>>> print(open('upload.cif').read())   # mmCIF, C-alpha atoms
data_input
loop_
_atom_site.label_atom_id
_atom_site.label_comp_id
_atom_site.auth_asym_id
_atom_site.auth_seq_id
_atom_site.Cartn_x
_atom_site.Cartn_y
_atom_site.Cartn_z
CA MET T 1 -2.01 16.45 12.96
CA SER T 2 -3.51 19.71 14.26
CA ASP T 3 -7.10 19.72 15.55
CA TYR T 4 -7.39 23.45 14.83
CA PHE T 5 -10.66 22.93 12.96
CA LYS T 6 -12.98 19.99 13.50
CA THR T 7 -15.00 20.55 10.33
CA TRP T 8 -14.78 22.53 7.09
CA THR T 9 -17.68 24.67 8.32
CA ASP T 10 -15.62 25.63 11.39
CA PHE T 11 -12.88 26.79 9.04
CA LEU T 12 -15.26 28.79 6.82
CA ASP T 13 -16.88 30.45 9.84
CA SER T 14 -13.62 31.37 11.58
CA LYS T 15 -12.98 35.12 11.93
CA LYS T 16 -9.31 34.74 12.88
CA ILE T 17 -7.62 34.29 9.49
CA GLU T 18 -6.62 37.60 7.95
CA GLY T 19 -6.19 37.79 4.21
CA PHE T 20 -8.06 34.59 3.36
CA GLY T 21 -10.85 35.05 0.85
CA THR T 22 -14.01 32.97 0.61
CA TYR T 23 -15.13 31.74 -2.81
CA ILE T 24 -17.20 29.03 -4.34
CA ILE T 25 -15.10 26.67 -6.46
CA GLY T 26 -16.96 27.91 -9.54
CA ASP T 27 -15.37 31.34 -8.93
CA LEU T 28 -11.93 29.72 -9.30
CA PHE T 29 -12.34 26.99 -11.93
CA ALA T 30 -14.25 26.52 -15.16
CA ASN T 31 -15.42 23.12 -16.37
CA ARG T 32 -13.26 22.35 -19.40
CA ILE T 33 -15.30 20.42 -21.98
CA ASP T 34 -13.05 20.22 -25.02
CA LYS T 35 -13.49 17.11 -27.21
CA ASN T 36 -12.28 15.69 -30.53
CA HIS T 37 -8.56 15.39 -29.78
CA PRO T 38 -8.17 11.61 -30.28
CA THR T 39 -4.46 11.77 -31.15
CA LEU T 40 -3.40 13.24 -27.79
CA PRO T 41 -2.00 10.83 -25.19
CA LEU T 42 -4.50 9.10 -22.90
CA LEU T 43 -4.38 10.13 -19.25
CA ALA T 44 -5.76 8.65 -16.03
CA VAL T 45 -6.35 10.01 -12.53
CA THR T 46 -5.09 7.87 -9.65
CA GLY T 47 -5.59 8.26 -5.93
CA LYS T 48 -1.87 8.10 -5.14
CA ASP T 49 -0.12 9.76 -8.07
CA GLY T 50 -2.78 12.09 -9.47
CA VAL T 51 -2.83 12.60 -13.24
CA VAL T 52 -0.58 10.11 -15.04
CA LEU T 53 -0.11 8.73 -18.53
CA ARG T 54 -2.46 5.78 -18.93
CA SER T 55 0.38 3.82 -20.54
CA SER T 56 2.33 3.98 -17.25
CA LEU T 57 -0.29 1.88 -15.43
CA VAL T 58 -0.01 -1.89 -15.27
CA LYS T 59 -3.74 -2.64 -15.19
CA ARG T 60 -5.61 -3.49 -18.40
CA ASP T 61 -6.68 -0.59 -20.62
CA THR T 62 -10.49 -0.59 -20.80
CA SER T 63 -10.84 2.74 -22.63
CA ASN T 64 -13.06 3.07 -25.71
CA GLN T 65 -11.42 2.67 -29.09
CA ASP T 66 -13.28 5.80 -30.23
CA LYS T 67 -11.66 8.67 -28.30
CA SER T 68 -13.58 11.50 -30.00
CA LYS T 69 -15.71 12.12 -26.90
CA TYR T 70 -12.78 12.08 -24.51
CA LEU T 71 -12.00 15.33 -22.69
CA ARG T 72 -8.89 17.39 -23.24
CA VAL T 73 -6.70 17.99 -20.19
CA GLN T 74 -4.13 20.78 -20.38
CA PRO T 75 -1.09 21.42 -18.16
CA GLY T 76 -2.24 23.16 -14.99
CA ASP T 77 -5.74 21.68 -15.07
CA ILE T 78 -7.14 19.79 -12.09
CA ALA T 79 -8.82 16.53 -13.11
CA TYR T 80 -10.91 14.42 -10.75
CA ASN T 81 -12.72 11.12 -10.87
CA THR T 82 -16.40 12.07 -10.83
CA MET T 83 -17.33 8.77 -9.12
CA ARG T 84 -14.51 8.89 -6.58
CA MET T 85 -14.01 12.54 -5.68
CA TRP T 86 -15.65 11.71 -2.35
CA GLN T 87 -12.44 9.71 -1.74
CA GLY T 88 -10.22 12.58 -2.87
CA VAL T 89 -9.21 11.05 -6.22
CA SER T 90 -7.96 14.11 -8.08
CA GLY T 91 -4.71 15.52 -9.39
CA LEU T 92 -2.83 18.31 -11.15
CA SER T 93 -2.00 17.64 -14.78
CA SER T 94 1.43 18.31 -16.21
CA TYR T 95 0.37 16.83 -19.54
CA ASP T 96 -1.54 17.90 -22.63
CA GLY T 97 -3.72 14.86 -23.18
CA ILE T 98 -7.21 13.42 -23.07
CA ALA T 99 -9.17 11.65 -20.33
CA SER T 100 -12.30 9.55 -20.14
CA PRO T 101 -15.64 11.36 -19.78
CA ALA T 102 -15.76 9.64 -16.37
CA TYR T 103 -13.43 12.42 -15.20
CA THR T 104 -14.23 16.08 -14.61
CA ILE T 105 -11.69 18.61 -15.91
CA CYS T 106 -11.27 21.93 -14.08
CA ALA T 107 -9.42 24.84 -15.69
CA PRO T 108 -8.11 27.43 -13.17
CA ASN T 109 -8.38 31.19 -13.48
CA ASP T 110 -5.95 33.83 -12.15
CA LYS T 111 -7.37 33.72 -8.60
CA ILE T 112 -6.14 30.23 -7.84
CA SER T 113 -2.87 28.36 -8.11
CA SER T 114 -3.69 24.88 -9.36
CA SER T 115 -0.52 23.66 -7.61
CA PHE T 116 -2.11 24.90 -4.37
CA ALA T 117 -5.50 23.42 -5.29
CA ARG T 118 -4.03 19.95 -5.83
CA TYR T 119 -3.26 19.88 -2.09
CA LEU T 120 -6.37 21.73 -0.98
CA PHE T 121 -8.58 19.14 -2.70
CA LYS T 122 -6.81 16.37 -0.73
CA LEU T 123 -7.40 17.99 2.66
CA PRO T 124 -9.51 15.50 4.70
CA LEU T 125 -11.83 18.23 5.98
CA LEU T 126 -12.69 19.22 2.41
CA VAL T 127 -12.90 15.63 1.15
CA GLN T 128 -15.68 15.14 3.72
CA VAL T 129 -17.53 17.99 2.01
CA PHE T 130 -17.02 16.34 -1.39
CA HIS T 131 -18.70 13.25 0.05
CA LYS T 132 -21.61 15.33 1.32
CA PHE T 133 -22.13 17.04 -2.05
CA SER T 134 -21.88 13.80 -4.07
CA GLN T 135 -25.14 12.31 -5.33
CA GLY T 136 -26.12 8.66 -5.17
CA LEU T 137 -27.88 6.14 -2.97
CA VAL T 138 -24.75 4.33 -1.74
CA ASP T 139 -21.02 5.02 -1.83
CA ASP T 140 -20.47 2.84 -4.90
CA THR T 141 -22.84 5.02 -6.94
CA LEU T 142 -21.85 8.46 -5.59
CA ASN T 143 -20.79 11.07 -8.14
CA LEU T 144 -19.74 14.69 -7.82
CA LYS T 145 -20.63 16.53 -11.01
CA PHE T 146 -19.15 19.94 -11.67
CA ILE T 147 -22.44 21.73 -11.05
CA ASN T 148 -22.36 20.53 -7.44
CA PHE T 149 -18.57 20.71 -7.08
CA SER T 150 -18.57 24.32 -8.26
CA SER T 151 -21.00 25.38 -5.52
CA ILE T 152 -18.74 24.25 -2.65
CA LYS T 153 -17.26 27.07 -0.59
CA VAL T 154 -13.50 27.27 -0.01
CA ARG T 155 -11.32 29.75 1.82
CA ILE T 156 -7.92 30.49 0.36
CA PRO T 157 -5.00 32.88 0.96
CA PRO T 158 -3.72 35.43 -1.60
CA LEU T 159 -2.13 33.99 -4.74
CA PRO T 160 1.53 34.57 -3.70
CA GLU T 161 0.89 32.72 -0.43
CA GLN T 162 -0.86 29.90 -2.29
CA GLN T 163 2.22 29.53 -4.48
CA LYS T 164 4.56 29.48 -1.48
CA ILE T 165 2.46 26.85 0.30
CA ALA T 166 2.39 24.72 -2.84
CA ALA T 167 6.19 24.99 -3.12
CA ILE T 168 6.65 23.86 0.50
CA LEU T 169 4.34 20.87 0.09
CA THR T 170 5.89 19.98 -3.27
CA SER T 171 9.34 19.91 -1.66
CA VAL T 172 8.06 17.39 0.90
CA ASP T 173 6.51 15.34 -1.91
CA ASN T 174 9.88 15.33 -3.68
CA VAL T 175 11.55 13.91 -0.56
CA ILE T 176 8.86 11.22 -0.30
CA GLU T 177 9.20 10.35 -4.00
CA LYS T 178 12.99 10.15 -3.79
CA THR T 179 12.87 8.01 -0.64
CA GLU T 180 10.33 5.61 -2.13
CA ALA T 181 12.48 5.30 -5.26
CA GLN T 182 15.40 4.34 -3.00
CA ILE T 183 13.20 1.79 -1.23
CA ASN T 184 12.22 0.27 -4.58
CA LYS T 185 15.88 0.03 -5.64
CA LEU T 186 16.84 -1.64 -2.37
CA GLN T 187 13.95 -4.09 -2.70
CA ASP T 188 15.06 -4.90 -6.26
CA LEU T 189 18.60 -5.37 -4.97
CA LYS T 190 17.38 -7.73 -2.28
CA ARG T 191 15.35 -9.79 -4.77
CA GLY T 192 18.43 -10.15 -6.95
CA MET T 193 20.59 -11.10 -3.97
CA MET T 194 18.01 -13.64 -2.80
CA GLN T 195 17.97 -15.30 -6.22
CA GLU T 196 21.78 -15.40 -6.28
CA LEU T 197 22.21 -16.64 -2.71
CA LEU T 198 19.44 -19.25 -2.97
CA THR T 199 20.85 -20.75 -6.18
CA ARG T 200 24.62 -20.25 -5.82
CA GLY T 201 25.11 -19.89 -2.08
CA ILE T 202 28.28 -18.40 -0.64
CA GLY T 203 31.68 -19.32 -2.13
CA HIS T 204 30.57 -22.45 -4.03
CA THR T 205 32.27 -23.47 -7.27
CA GLN T 206 30.52 -26.76 -8.05
CA PHE T 207 26.84 -27.07 -8.86
CA LYS T 208 24.27 -29.72 -9.71
CA ASP T 209 20.83 -29.95 -11.28
CA SER T 210 17.88 -30.26 -8.94
CA PRO T 211 14.05 -30.13 -9.08
CA VAL T 212 14.28 -26.38 -8.35
CA GLY T 213 17.15 -25.63 -10.75
CA ARG T 214 20.94 -25.47 -10.41
CA ILE T 215 22.14 -25.43 -6.81
CA PRO T 216 25.51 -25.95 -5.11
CA VAL T 217 26.84 -29.48 -4.65
CA GLY T 218 26.22 -30.41 -1.02
CA TRP T 219 22.86 -28.68 -0.78
CA ASP T 220 19.63 -30.65 -0.41
CA VAL T 221 16.17 -30.10 -1.85
CA VAL T 222 13.48 -30.84 0.73
CA GLY T 223 9.76 -30.47 1.20
CA ILE T 224 8.83 -27.60 3.49
CA SER T 225 7.04 -29.94 5.87
CA THR T 226 10.36 -31.67 6.70
CA LEU T 227 11.57 -28.39 8.21
CA ALA T 228 8.75 -28.24 10.76
CA GLU T 229 9.07 -29.56 14.29
CA LYS T 230 8.25 -33.24 14.68
CA SER T 231 5.31 -32.55 16.94
CA GLN T 232 1.56 -32.34 16.65
CA ASN T 233 0.22 -29.06 15.27
CA SER T 234 3.66 -27.87 14.14
CA PHE T 235 2.41 -27.10 10.61
CA VAL T 236 -1.27 -26.07 10.56
CA ILE T 237 -3.81 -23.68 9.10
CA GLY T 238 -5.97 -21.35 11.13
CA PRO T 239 -9.24 -22.51 12.70
CA PHE T 240 -12.29 -23.43 10.67
CA GLY T 241 -14.31 -20.27 10.00
CA SER T 242 -17.12 -20.92 12.47
CA ASN T 243 -14.60 -21.49 15.29
CA LEU T 244 -13.38 -17.89 15.12
CA VAL T 245 -15.95 -15.27 14.14
CA LYS T 246 -16.49 -11.55 14.60
CA LYS T 247 -18.46 -11.94 17.82
CA ASP T 248 -15.34 -13.50 19.40
CA TYR T 249 -13.28 -10.33 18.84
CA ARG T 250 -12.35 -8.11 21.79
CA GLN T 251 -10.42 -4.87 22.36
CA GLN T 252 -7.90 -6.59 24.61
CA GLY T 253 -6.70 -10.09 25.40
CA VAL T 254 -4.79 -12.46 23.07
CA PRO T 255 -3.81 -11.00 19.65
CA VAL T 256 -5.45 -12.32 16.46
CA VAL T 257 -3.29 -12.38 13.32
CA PHE T 258 -4.87 -11.64 9.92
CA VAL T 259 -3.55 -11.76 6.35
CA ARG T 260 -3.31 -7.95 6.32
CA ASP T 261 -0.66 -8.14 9.07
CA ILE T 262 1.75 -10.08 6.83
CA LYS T 263 4.08 -8.52 4.25
CA PRO T 264 7.09 -10.20 2.57
CA SER T 265 9.55 -10.96 5.42
CA ARG T 266 7.69 -8.36 7.51
CA PHE T 267 5.12 -8.81 10.25
CA ASN T 268 3.31 -5.61 11.18
CA TRP T 269 0.34 -6.18 13.44
CA ILE T 270 -2.09 -3.47 12.39
CA SER T 271 -5.31 -5.37 13.13
CA ASN T 272 -5.40 -4.59 16.87
CA ILE T 273 -8.01 -7.31 17.40
CA PHE T 274 -8.01 -9.77 20.30
CA VAL T 275 -9.85 -12.76 21.73
CA THR T 276 -10.26 -13.74 25.35
CA THR T 277 -7.76 -16.04 27.05
CA LYS T 278 -10.51 -18.65 27.26
CA LYS T 279 -11.11 -18.49 23.50
CA ALA T 280 -7.37 -18.65 22.82
CA ARG T 281 -7.16 -21.85 24.89
CA GLU T 282 -9.92 -23.35 22.73
CA LEU T 283 -7.81 -22.45 19.66
CA ILE T 284 -4.49 -23.63 21.14
CA ALA T 285 -3.81 -25.77 18.04
CA HIS T 286 -3.80 -22.55 15.99
CA SER T 287 -1.63 -20.48 18.31
CA VAL T 288 1.47 -18.64 17.14
CA LYS T 289 4.54 -17.80 19.20
CA PRO T 290 7.43 -15.36 18.58
CA GLY T 291 9.93 -16.78 16.10
CA GLU T 292 7.39 -18.96 14.29
CA ILE T 293 6.56 -18.46 10.61
CA ILE T 294 3.16 -17.34 9.33
CA ILE T 295 2.17 -17.66 5.67
CA THR T 296 -0.81 -16.24 3.79
CA LYS T 297 -3.17 -18.75 2.15
CA MET T 298 -5.08 -15.99 0.35
CA GLY T 299 -4.02 -12.79 -1.40
CA LEU T 300 -2.43 -11.46 -4.56
CA PRO T 301 -0.23 -13.38 -4.45
CA PRO T 302 -0.75 -15.95 -1.70
CA GLY T 303 2.23 -17.58 0.00
CA ILE T 304 3.68 -14.43 1.59
CA ALA T 305 5.70 -15.34 4.69
CA ALA T 306 6.89 -13.47 7.78
CA ILE T 307 8.29 -14.24 11.22
CA TYR T 308 5.95 -13.55 14.12
CA ASN T 309 7.66 -10.75 16.03
CA GLU T 310 9.68 -11.39 19.19
CA SER T 311 8.04 -8.30 20.68
CA MET T 312 4.56 -9.85 20.41
CA PRO T 313 2.88 -12.07 22.99
CA SER T 314 1.56 -15.42 21.79
CA GLY T 315 -1.47 -15.06 19.54
CA VAL T 316 -3.83 -17.05 17.31
CA VAL T 317 -4.04 -17.08 13.51
CA THR T 318 -7.15 -16.84 11.36
CA ALA T 319 -8.35 -19.41 8.83
CA ASP T 320 -6.50 -17.76 5.93
CA ILE T 321 -3.05 -18.26 7.47
CA ILE T 322 -0.65 -21.21 7.65
CA ARG T 323 1.53 -21.39 10.76
CA LEU T 324 4.85 -23.28 10.76
CA ARG T 325 7.05 -24.06 13.77
CA PRO T 326 10.57 -24.51 12.37
CA ASN T 327 12.83 -27.31 13.52
CA VAL T 328 15.76 -25.25 14.81
CA LYS T 329 18.14 -28.20 14.31
CA LYS T 330 17.44 -28.16 10.57
CA THR T 331 16.74 -24.57 9.65
CA SER T 332 17.06 -20.95 10.66
CA SER T 333 13.74 -19.09 10.80
CA SER T 334 15.41 -16.03 9.26
CA PHE T 335 16.71 -18.06 6.32
CA LEU T 336 13.48 -20.00 5.87
CA VAL T 337 11.25 -16.93 5.71
CA GLU T 338 13.52 -15.34 3.07
CA ALA T 339 13.47 -18.55 1.04
CA LEU T 340 9.67 -18.75 1.26
CA ASN T 341 9.43 -15.24 -0.20
CA SER T 342 11.86 -15.98 -3.05
CA ASP T 343 11.05 -16.35 -6.74
CA ILE T 344 11.87 -20.08 -6.46
CA ILE T 345 8.95 -20.62 -4.08
CA ALA T 346 6.68 -18.00 -5.70
CA LYS T 347 6.81 -19.93 -8.99
CA GLN T 348 5.74 -23.12 -7.23
CA VAL T 349 2.89 -21.26 -5.52
CA ARG T 350 1.72 -19.89 -8.90
CA ASP T 351 1.81 -23.39 -10.38
CA ARG T 352 -0.42 -24.68 -7.57
CA THR T 353 -2.94 -21.83 -7.81
CA ALA T 354 -3.00 -21.37 -11.60
CA GLY T 355 -6.46 -20.82 -13.05
CA GLN T 356 -8.06 -19.79 -9.78
CA THR T 357 -10.08 -16.57 -9.84
CA ARG T 358 -9.05 -15.86 -6.25
CA PRO T 359 -5.75 -17.68 -5.70
CA LYS T 360 -5.82 -19.79 -2.55
CA LEU T 361 -3.29 -22.23 -1.20
CA THR T 362 -4.26 -25.39 0.63
CA LEU T 363 -2.02 -26.74 3.36
CA THR T 364 -1.73 -29.99 1.42
CA ASP T 365 -0.43 -28.16 -1.66
CA TYR T 366 1.91 -25.99 0.37
CA LYS T 367 3.49 -29.04 1.99
CA THR T 368 4.53 -30.27 -1.47
CA ILE T 369 6.60 -27.16 -2.19
CA LEU T 370 10.33 -27.83 -2.48
CA ILE T 371 13.07 -25.63 -1.05
CA PRO T 372 16.85 -25.61 -1.69
CA LEU T 373 18.60 -26.11 1.66
CA PRO T 374 22.23 -25.44 2.59
CA ASP T 375 23.64 -26.51 5.94
CA LEU T 376 22.56 -24.56 9.01
CA GLU T 377 25.72 -22.45 9.20
CA GLU T 378 25.37 -21.24 5.60
CA GLN T 379 21.65 -20.61 6.13
CA LYS T 380 22.53 -18.21 8.94
CA LYS T 381 25.17 -16.44 6.82
CA ILE T 382 22.69 -15.96 3.96
CA ALA T 383 20.06 -14.66 6.36
CA SER T 384 22.58 -12.22 7.86
CA ILE T 385 23.48 -10.79 4.44
CA LEU T 386 19.82 -10.24 3.55
CA SER T 387 19.14 -8.80 7.00
CA THR T 388 21.69 -6.07 6.32
CA VAL T 389 19.72 -4.99 3.24
CA ASP T 390 16.51 -5.16 5.29
CA SER T 391 18.02 -2.74 7.81
CA HIS T 392 18.68 -0.22 5.03
CA ILE T 393 15.13 -0.69 3.72
CA ASP T 394 13.69 -0.22 7.22
CA LYS T 395 15.53 3.09 7.65
CA LYS T 396 14.20 4.38 4.33
CA VAL T 397 10.67 3.19 5.14
CA GLN T 398 10.84 5.04 8.45
CA LYS T 399 12.04 8.18 6.69
CA SER T 400 9.15 7.92 4.23
CA LYS T 401 6.64 7.54 7.09
CA GLN T 402 8.08 10.59 8.84
CA SER T 403 7.89 12.65 5.63
CA LYS T 404 4.28 11.61 5.03
CA SER T 405 3.40 12.50 8.62
CA LEU T 406 5.07 15.89 8.18
CA LYS T 407 3.17 16.50 4.96
CA LYS T 408 -0.13 15.63 6.63
CA ALA T 409 0.52 18.10 9.47
CA LEU T 410 1.72 20.83 7.08
CA MET T 411 -1.37 20.46 4.91
CA GLN T 412 -3.64 20.85 7.92
CA ASP T 413 -1.76 23.90 9.23
CA LEU T 414 -0.83 25.73 6.02
CA LEU T 415 -4.02 25.17 4.07
CA THR T 416 -6.22 26.38 6.95
CA GLY T 417 -4.02 29.34 7.89
CA LYS T 418 -3.05 28.09 11.36
CA VAL T 419 0.54 28.60 10.23
CA ARG T 420 1.18 31.45 7.81
CA VAL T 421 4.14 31.58 5.43
CA LYS T 422 6.18 34.66 4.63
CA VAL T 423 6.12 35.70 0.99
CA ASP T 424 9.13 37.53 -0.43
#
>>> encode(input="upload.cif", output="structure tokens")
Amino acid sequence: MSDYFKTWTDFLDSKKIEGFGTYIIGDLFANRIDKNHPTLPLLAVTGKDGVVLRSSLVKRDTSNQDKSKYLRVQPGDIAYNTMRMWQGVSGLSSYDGIASPAYTICAPNDKISSSFARYLFKLPLLVQVFHKFSQGLVDDTLNLKFINFSSIKVRIPPLPEQQKIAAILTSVDNVIEKTEAQINKLQDLKRGMMQELLTRGIGHTQFKDSPVGRIPVGWDVVGISTLAEKSQNSFVIGPFGSNLVKKDYRQQGVPVVFVRDIKPSRFNWISNIFVTTKKARELIAHSVKPGEIIITKMGLPPGIAAIYNESMPSGVVTADIIRLRPNVKKTSSSFLVEALNSDIIAKQVRDRTAGQTRPKLTLTDYKTILIPLPDLEEQKKIASILSTVDSHIDKKVQKSKQSKSLKKALMQDLLTGKVRVKVD
């Protein structure tokens, strides 16, 4: 991302950008307060997708039954979350609907393209200003009412250039949306393949009932603990909380693995937190080596498993992680981690954490989980098939990351005039 301007004030004070005009937001938008339209569809504003139909969201609807005081939102309006605009939670509406009074509705005039504004209002430099202009004692109580929002200064290019910039950024968004849809389809495909391969195997024609459902004749059903090495500390949880605390953390040394580093069948060490070699020796019972399996005890849901990367040096796990050293004579790590992330295991995890406000697995409970087990050769074949799908997913994920990085750079350059676009 360009460092052309360090702050929004730098941008406003710059004398180098020809054609850009300076306005307060109130010169460009009016506060739409239009009530008593209870039959229009209910809308919501999300941080990721902007203005969406409330019915498209999975979370519980907590809106009032009486919608008479809800605000009308028309196509082309910008709506923002009054309590979360300091986080950039705003969006462009393509709907004619109503939204909670917790949102602020902004109707554009002919000086501003709302398609341009949807991106401008997400620019990190400007979001910092939204934070500054929000009122409240702490972040959780901050709000940016229109009277304060409308007084914020912005600098924008002529309308035709705004429209061209919006078109460029929209085209990048379309690529991101298409790529993420492909990722979702591939992930659905993999889930279906996992269910098929873990219940029917490869080339089997005879099946039997088992504690985990129908499986091929010749397969076993075993407890997970039987697949760990027959050695001390082969199947353990992380250290007791007081044995690894914040004051132990360093900027270099032996890596520390947290729950946030674990995704289904994916280990991505984003924590970048270490302990000293001396501390790691004290925690040797909770060490993790490349090829070993790490499983989340906490989370929504818990029980997510990944293989600790071959590219990583040995590390230590935190208290909210289970570490398993597979017995290579009995199981393939690649197969086992896919099985642990399957619906067969997820159901057993849900059964063991049912009723908990914050689902948490104990090692004792996890050791009772049953897994369908083919012979080692078939395990490796199943893992290879699923790995092929993973490779396709990885390529799409990388493409999505590149597109998001491009969008971030384009927003910084185009919205601040560092790069100008030609208008036909």
>>> resolve_selection(input="upload.cif", expression="the PyMOL selection byres ((chain T and resi 154) around 6)", output="PDB file with C-alpha atoms, keeping the file's coordinate frame")
ATOM      1  CA  THR T  22     -14.010  32.970   0.610  1.00  0.00           C
ATOM      2  CA  TYR T  23     -15.130  31.740  -2.810  1.00  0.00           C
ATOM      3  CA  ILE T  24     -17.200  29.030  -4.340  1.00  0.00           C
ATOM      4  CA  LYS T 153     -17.260  27.070  -0.590  1.00  0.00           C
ATOM      5  CA  ARG T 155     -11.320  29.750   1.820  1.00  0.00           C
TER       6      ARG T 155
END
>>> atom_distance(input="upload.cif", atom1="CA of Ser93 in chain T", atom2="CA of Ser171 in chain T")
17.5 Å
>>> closest_atom_pairs(input="upload.cif", of="range 147-249 of chain T", to="range 130-143 of chain T", cutoff="10 Å", atoms="all atoms listed in the file", output="CSV")
residue,atom,partner,partner_atom,distance
T:Asn148,CA,T:Phe133,CA,6.4
T:Phe149,CA,T:Phe133,CA,7.2
T:Ser151,CA,T:Phe133,CA,9.1
T:Ile152,CA,T:Phe133,CA,8.0
>>> atom_distance(input="upload.cif", atom1="CA of Glu196 in chain T", atom2="CA of Pro302 in chain T")
23.0 Å
>>> residues_around(input="upload.cif", residues="range 303-307 of chain T", least_positions_apart="3", cutoff="9 Å", atoms="only C-alpha atoms", output="PyMOL selection string")
chain T and resi 262-267+290-300+310+322+333-334+337-338+340-341+345-346+349+360-361+366
>>> write_last_selection(input="upload.cif", atoms="C-alpha atoms", output="PDB file, in the frame of the given file")
ATOM      1  CA  ILE T 262       1.750 -10.080   6.830  1.00  0.00           C
ATOM      2  CA  LYS T 263       4.080  -8.520   4.250  1.00  0.00           C
ATOM      3  CA  PRO T 264       7.090 -10.200   2.570  1.00  0.00           C
ATOM      4  CA  SER T 265       9.550 -10.960   5.420  1.00  0.00           C
ATOM      5  CA  ARG T 266       7.690  -8.360   7.510  1.00  0.00           C
ATOM      6  CA  PHE T 267       5.120  -8.810  10.250  1.00  0.00           C
ATOM      7  CA  PRO T 290       7.430 -15.360  18.580  1.00  0.00           C
ATOM      8  CA  GLY T 291       9.930 -16.780  16.100  1.00  0.00           C
ATOM      9  CA  GLU T 292       7.390 -18.960  14.290  1.00  0.00           C
ATOM     10  CA  ILE T 293       6.560 -18.460  10.610  1.00  0.00           C
ATOM     11  CA  ILE T 294       3.160 -17.340   9.330  1.00  0.00           C
ATOM     12  CA  ILE T 295       2.170 -17.660   5.670  1.00  0.00           C
ATOM     13  CA  THR T 296      -0.810 -16.240   3.790  1.00  0.00           C
ATOM     14  CA  LYS T 297      -3.170 -18.750   2.150  1.00  0.00           C
ATOM     15  CA  MET T 298      -5.080 -15.990   0.350  1.00  0.00           C
ATOM     16  CA  GLY T 299      -4.020 -12.790  -1.400  1.00  0.00           C
ATOM     17  CA  LEU T 300      -2.430 -11.460  -4.560  1.00  0.00           C
ATOM     18  CA  GLU T 310       9.680 -11.390  19.190  1.00  0.00           C
ATOM     19  CA  ILE T 322      -0.650 -21.210   7.650  1.00  0.00           C
ATOM     20  CA  SER T 333      13.740 -19.090  10.800  1.00  0.00           C
ATOM     21  CA  SER T 334      15.410 -16.030   9.260  1.00  0.00           C
ATOM     22  CA  VAL T 337      11.250 -16.930   5.710  1.00  0.00           C
ATOM     23  CA  GLU T 338      13.520 -15.340   3.070  1.00  0.00           C
ATOM     24  CA  LEU T 340       9.670 -18.750   1.260  1.00  0.00           C
ATOM     25  CA  ASN T 341       9.430 -15.240  -0.200  1.00  0.00           C
ATOM     26  CA  ILE T 345       8.950 -20.620  -4.080  1.00  0.00           C
ATOM     27  CA  ALA T 346       6.680 -18.000  -5.700  1.00  0.00           C
ATOM     28  CA  VAL T 349       2.890 -21.260  -5.520  1.00  0.00           C
ATOM     29  CA  LYS T 360      -5.820 -19.790  -2.550  1.00  0.00           C
ATOM     30  CA  LEU T 361      -3.290 -22.230  -1.200  1.00  0.00           C
ATOM     31  CA  TYR T 366       1.910 -25.990   0.370  1.00  0.00           C
TER      32      TYR T 366
END
>>> atom_distance(input="upload.cif", atom1="CA of Ile237 in chain T", atom2="CA of Ser332 in chain T")
21.1 Å
>>> residues_near_point(input="upload.cif", point="(3.4, 24.2, -3.3)", cutoff="12 Å", atoms="only C-alpha atoms", output="number ranges by chain")
T: 92, 113-120, 159-174, 407, 410-411, 414-415, 421
>>> residues_around(input="upload.cif", residues="Phe335 in chain T", least_positions_apart="6", cutoff="7 Å", atoms="only C-alpha atoms", output="VMD selection string")
chain T and resid 379 to 380 382 to 383
>>> resolve_selection(input="upload.cif", expression="the PyMOL selection byres ((chain T and resi 348) around 10)", output="JSON, numbers by chain")
{"T": [212, 303, 343, 344, 345, 346, 347, 349, 350, 351, 352, 353, 354, 365, 366, 368, 369, 370, 371]}
>>> residues_around(input="upload.cif", residues="Ala79 in chain T", least_positions_apart="5", cutoff="9 Å", atoms="all atoms listed in the file", output="VMD selection string")
chain T and resid 44 to 45 50 to 51 73 89 to 93 99 103 to 107
>>> write_last_selection(input="upload.cif", atoms="C-alpha atoms", output="PDB file, keeping the file's coordinate frame")
ATOM      1  CA  ALA T  44      -5.760   8.650 -16.030  1.00  0.00           C
ATOM      2  CA  VAL T  45      -6.350  10.010 -12.530  1.00  0.00           C
ATOM      3  CA  GLY T  50      -2.780  12.090  -9.470  1.00  0.00           C
ATOM      4  CA  VAL T  51      -2.830  12.600 -13.240  1.00  0.00           C
ATOM      5  CA  VAL T  73      -6.700  17.990 -20.190  1.00  0.00           C
ATOM      6  CA  VAL T  89      -9.210  11.050  -6.220  1.00  0.00           C
ATOM      7  CA  SER T  90      -7.960  14.110  -8.080  1.00  0.00           C
ATOM      8  CA  GLY T  91      -4.710  15.520  -9.390  1.00  0.00           C
ATOM      9  CA  LEU T  92      -2.830  18.310 -11.150  1.00  0.00           C
ATOM     10  CA  SER T  93      -2.000  17.640 -14.780  1.00  0.00           C
ATOM     11  CA  ALA T  99      -9.170  11.650 -20.330  1.00  0.00           C
ATOM     12  CA  TYR T 103     -13.430  12.420 -15.200  1.00  0.00           C
ATOM     13  CA  THR T 104     -14.230  16.080 -14.610  1.00  0.00           C
ATOM     14  CA  ILE T 105     -11.690  18.610 -15.910  1.00  0.00           C
ATOM     15  CA  CYS T 106     -11.270  21.930 -14.080  1.00  0.00           C
ATOM     16  CA  ALA T 107      -9.420  24.840 -15.690  1.00  0.00           C
TER      17      ALA T 107
END
